[in-house]
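This report refers to the structure that appears directly beneath it.
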Amino acid sequence: MAIKLPIYMDYHATTPADPRVVEAMLPYFSEHFGNAASRNHPFGWEAEEAVEKARKQVADLIGANPKEIIFTSGATESDNLAIKGVAEMYREKGNHIITAVTEHKAIIDTCKRLEKDGYHVTYLPVQKDGRISLDDLKAAITDKTILISIMAANNEIGVIQPIVEIGTIAKEKGILFHTDAVQMVGKVPFNVNDLKVDMASISAHKMYGPKGVGALYVRRRNPRVLLSAQIDGGGHERGMRSGTLNVTGIVGFGKAAEICKAEMATESKRLSDLRDYLNQKLHNQLDELYINGSMEHRLPHNLNISFAYVEGESLLMGINDVAVSSGSACTSASLEPSYVLKALGAGDDLAHSSIRFGLGRWSTKEEVDYVADKLTSVVTKLRDMSPLYELAKEGVDLSTMVWQTDSH
Amino acid sequence: MIDHYENPRNVGSMPKDDVNVGTGLVGAPECGDVMKLQVKVNPATGIIDDAKFKTFGCGSAIASSSLATEWLKGKTVDQALAIKNTDIVAELSLPPVKIHCSVLAEDAIKAAITDYKKKQAETTSAVKETRATV
C-alpha cells in the first residue's frame, strides 16, 4: 500500500475527528440548532436531549454519573476551573496545593497565578522514570493542603502516574484529588471510582472528537466537590460553568467517547504493538538512543526518544514529511528545551535531541517503516556532521568538558 | 538556508595537531548548539586553503557554519576576521530567533583563527628556542 505524505505521528498534539463523529455532529449545525437552555420549545428540547445523551456517553467512558460531567471549552478551561474553583471555594480550609513539575502548562501556569494571590504550591519533582515519588507526596502534605493535582499521563513522555495510589493518599487525608486525564482517557481504561479521583479534565480533540470542547468530571458523592464558578452568567452546568452549550461539539465529544469505549481494547493493543515495533526497529538501526520515561508505566501509543549527538530541530528538518514533536529549544517559542525532559534529569543535551512519536487510530505499519528508515538516514547524516559524535567516538567524556559559552 | 542544510558544504575534520590548522570549538550541548570550525592556512601565502566544519545544532546553525566555511576559503587570516555575523544573517535570511546561530559562526571563525595564530606563535618561539639551545 502506498503511503500518503506527510505522515501524521503527533497524536498527542491533536487527533483528527473520526468520520463517525463528524457524521453525528452534522445535523446539529443547522437542522437541530436549538439552544439547550431553551426550555419552552422543541428546538431547545432536541438540543438538550442531544447534550444529555452525550453527557451519558462521556460519563460511561470514565465510570461516572452523567450529573458529574461539566462541559467546558476544553481541558485548559477544565484545569483552570478545577484548580481555581477549589482554591477559591476551600480558602477557609487551607491555601496549599500540591502538583508536579512535569504537569501541562494549563496546570503550572494556573498554580503560578494562585501563588501570586497568596496560595502556596508545592511542585513535586519526578524520578528518572517520570513518575512522582509517593513518599515525596506524603511529605509535602500539610494541614493546609486542599488539593492535589497530578496528571494521569504525560503529554510528552506518555508516562502514567500512580493515580490510584495518589487517590488513596488524598482520600485518607481528606484532600481533593484532581487529575489532568487528557492524554489517558479514551486510550486506556480510566475509571474515576477505581482510581479514587475527585476531578478529572478531559478533552474531545485528543480522542478523535472536535476541538473546542472538553469536560471536567466533578465528584458528587464521597466527597461532594464544590467549585467556585470561574465564568459567571446564565448558571449553566449546575452553576459551575455558564455559557450557551456548544451542542454540536458536545454531540461529537459524546460520539467520540462512545467509539473510544467500544474500540479501546483492540485499538490500544494494536497501537502498543506498532509502537514497540517502531522502537525495536530504531534500536536495530541506530545506536545511542535513550528512551525518555518509563516504558512500563506508559501510554500504548507514545514513544519519546533522544537521538544523542543530534539536535532535535535539525532532525525535524530532515524528516519534514513526518509530523512529530521535539523537546528541542528551537521548536518551542520559549527557546528553552522541554521542561518535562529536563525534570527527568537526563541533561539538557538529551532534551535537545528528543523526538516525541504519537501513534493513533490511522497509523499504519507502512508509515512506521517509512519513519524509522527516514530517521535512520537523517540521524546518520547529522551524526556524521556532529562534533559531539566525533568527540564521543574519540573517547572524550562530554559531560566533563568545559564549553565556551560566553556568546550565550 | 535550506540548501546549506540539505547539502552542507565542507563537512569534515582536519588534523588538530597540524600547525597550519586552526580549530575553533564553540557553544555547548545544553544550549543546543556546538560548532567546530577548522581552517587550514597555506604557510607560504597566508591564505586559507581549506575550511571544514562539524555542527550540532538546528538547521540554521548548520547552514551558518556551512556558509562560513565557503566564505573562508581563499581569504587571508585578517580578511577572515572581518566576516561579521550580520553578513551571514543577510545571506541566509535568518529570522531574529536564529541570529544567535550566526553569532556562533562568527565566534567559531574567530576561535579557529586565534587557535591558528597561537600555534604559529608557539612554533616560531619553539624554533627560536631550539636555535638558542643550539
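In the C-alpha cells, chains take the letters A, B, ... in the order shown, each chain's residues start at 1, and ligands count up from 1 in the order shown.
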(request) Show which residues sit within 12 Å of Ile47 in chain B, as a ChimeraX atom specification. Count only C-alpha atoms, and ignore same-chain residues fewer than 6 positions away. (result) /B:20-21,39-41,72-80,113
Since we have the selection now, will you write its residues out, keeping C-alpha atoms, as a short mmCIF file (atom, residue, chain, number, x, y, z; two decimals), in the first residue's frame?
```cif
data_model
loop_
_atom_site.label_atom_id
_atom_site.label_comp_id
_atom_site.auth_asym_id
_atom_site.auth_seq_id
_atom_site.Cartn_x
_atom_site.Cartn_y
_atom_site.Cartn_z
CA ASN B 20 48.78 25.13 9.83
CA VAL B 21 45.31 24.14 11.04
CA VAL B 39 40.85 26.47 8.79
CA LYS B 40 43.99 25.32 7.02
CA VAL B 41 46.33 28.14 6.11
CA LEU B 72 36.70 31.44 4.47
CA LYS B 73 38.34 29.67 1.58
CA GLY B 74 40.65 31.97 -0.39
CA LYS B 75 40.66 34.68 2.28
CA THR B 76 43.67 35.79 4.27
CA VAL B 77 43.56 35.33 8.01
CA ASP B 78 42.83 39.02 8.54
CA GLN B 79 40.10 39.08 5.91
CA ALA B 80 38.56 36.09 7.66
CA ILE B 113 41.92 31.93 13.70
#
```
(request) Determine, counting only C-alpha atoms, which protein, DNA and RNA residues have an atom within 8 Å of an atom of range 187-190 of chain A; residues of the same chain fewer than 4 positions away are not included. Present the result as a PyMOL selection string. (result) chain A and resi 61-63+183+195+207+260+264-265+267-268+299-300
Would you mind listing, for every residue of chain A within 6 Å of chain B, the two atoms forming the shortest contact and the distance between them in Å to one decimal, using only C-alpha atoms, sorted by chain and ascending residue number, as CSV?
```
residue,atom,partner,partner_atom,distance
A:Glu311,CA,B:Gly57,CA,5.0
A:Glu313,CA,B:Cys58,CA,5.1
A:Ser314,CA,B:Cys58,CA,4.4
A:Asp348,CA,B:Glu30,CA,4.6
A:Asp349,CA,B:Glu30,CA,4.5
A:His352,CA,B:Gly32,CA,5.9
A:Met385,CA,B:Lys54,CA,4.6
A:Ser386,CA,B:Phe56,CA,4.9
A:Pro387,CA,B:Lys54,CA,5.1
A:Trp403,CA,B:Ala28,CA,5.4
A:Gln404,CA,B:Val26,CA,5.4
A:Thr405,CA,B:Gly27,CA,5.1
```
(message) So that I can see what lies close to Val185 in chain A, please list as JSON, numbers by chain the residues with an atom at most 12 Å from it, counting only C-alpha atoms and leaving out residues fewer than 5 positions away in the same chain.
(response) {"A": [58, 59, 60, 61, 62, 63, 75, 151, 152, 153, 154, 160, 179, 180, 190, 191, 192, 200, 201, 202, 203, 204, 205, 206, 207, 208, 214, 215, 217, 256, 257, 258, 260, 261, 264, 268, 299]}
Those residues with C-alpha atoms, as an mmCIF file, in the first residue's frame please?
```cif
data_model
loop_
_atom_site.group_PDB
_atom_site.id
_atom_site.type_symbol
_atom_site.label_atom_id
_atom_site.label_comp_id
_atom_site.auth_asym_id
_atom_site.auth_seq_id
_atom_site.Cartn_x
_atom_site.Cartn_y
_atom_site.Cartn_z
ATOM 1 C CA VAL A 58 -18.745 10.730 28.260
ATOM 2 C CA ALA A 59 -19.697 9.617 31.790
ATOM 3 C CA ASP A 60 -19.830 5.966 30.706
ATOM 4 C CA LEU A 61 -16.313 6.169 29.348
ATOM 5 C CA ILE A 62 -14.909 7.107 32.759
ATOM 6 C CA GLY A 63 -17.352 5.272 35.028
ATOM 7 C CA ALA A 75 -9.097 20.801 29.028
ATOM 8 C CA MET A 151 -1.788 14.372 35.666
ATOM 9 C CA ALA A 152 -2.863 10.866 34.688
ATOM 10 C CA ALA A 153 -0.472 10.532 31.735
ATOM 11 C CA ASN A 154 2.108 12.969 30.481
ATOM 12 C CA ILE A 160 1.321 7.183 33.608
ATOM 13 C CA THR A 179 -6.082 14.783 37.552
ATOM 14 C CA ASP A 180 -5.495 16.141 34.065
ATOM 15 C CA PHE A 190 -9.794 5.147 33.251
ATOM 16 C CA ASN A 191 -12.468 4.775 35.937
ATOM 17 C CA VAL A 192 -12.953 7.620 38.386
ATOM 18 C CA ALA A 200 -10.660 14.890 36.011
ATOM 19 C CA SER A 201 -10.070 17.093 32.969
ATOM 20 C CA ILE A 202 -10.877 15.634 29.561
ATOM 21 C CA SER A 203 -10.592 16.983 26.031
ATOM 22 C CA ALA A 204 -12.545 15.878 22.963
ATOM 23 C CA HIS A 205 -9.917 16.633 20.339
ATOM 24 C CA LYS A 206 -7.386 14.294 21.915
ATOM 25 C CA MET A 207 -9.770 11.384 21.442
ATOM 26 C CA TYR A 208 -10.953 11.826 17.852
ATOM 27 C CA GLY A 214 -13.936 19.303 26.867
ATOM 28 C CA ALA A 215 -15.243 18.345 30.260
ATOM 29 C CA TYR A 217 -15.590 15.425 35.938
ATOM 30 C CA ALA A 256 -16.029 10.088 20.218
ATOM 31 C CA ALA A 257 -16.282 8.783 23.787
ATOM 32 C CA GLU A 258 -18.640 6.017 22.726
ATOM 33 C CA CYS A 260 -13.244 5.007 22.231
ATOM 34 C CA LYS A 261 -15.008 2.870 24.814
ATOM 35 C CA MET A 264 -10.290 0.693 23.317
ATOM 36 C CA SER A 268 -4.639 0.043 22.446
ATOM 37 C CA LEU A 299 0.555 5.064 27.214
#
```
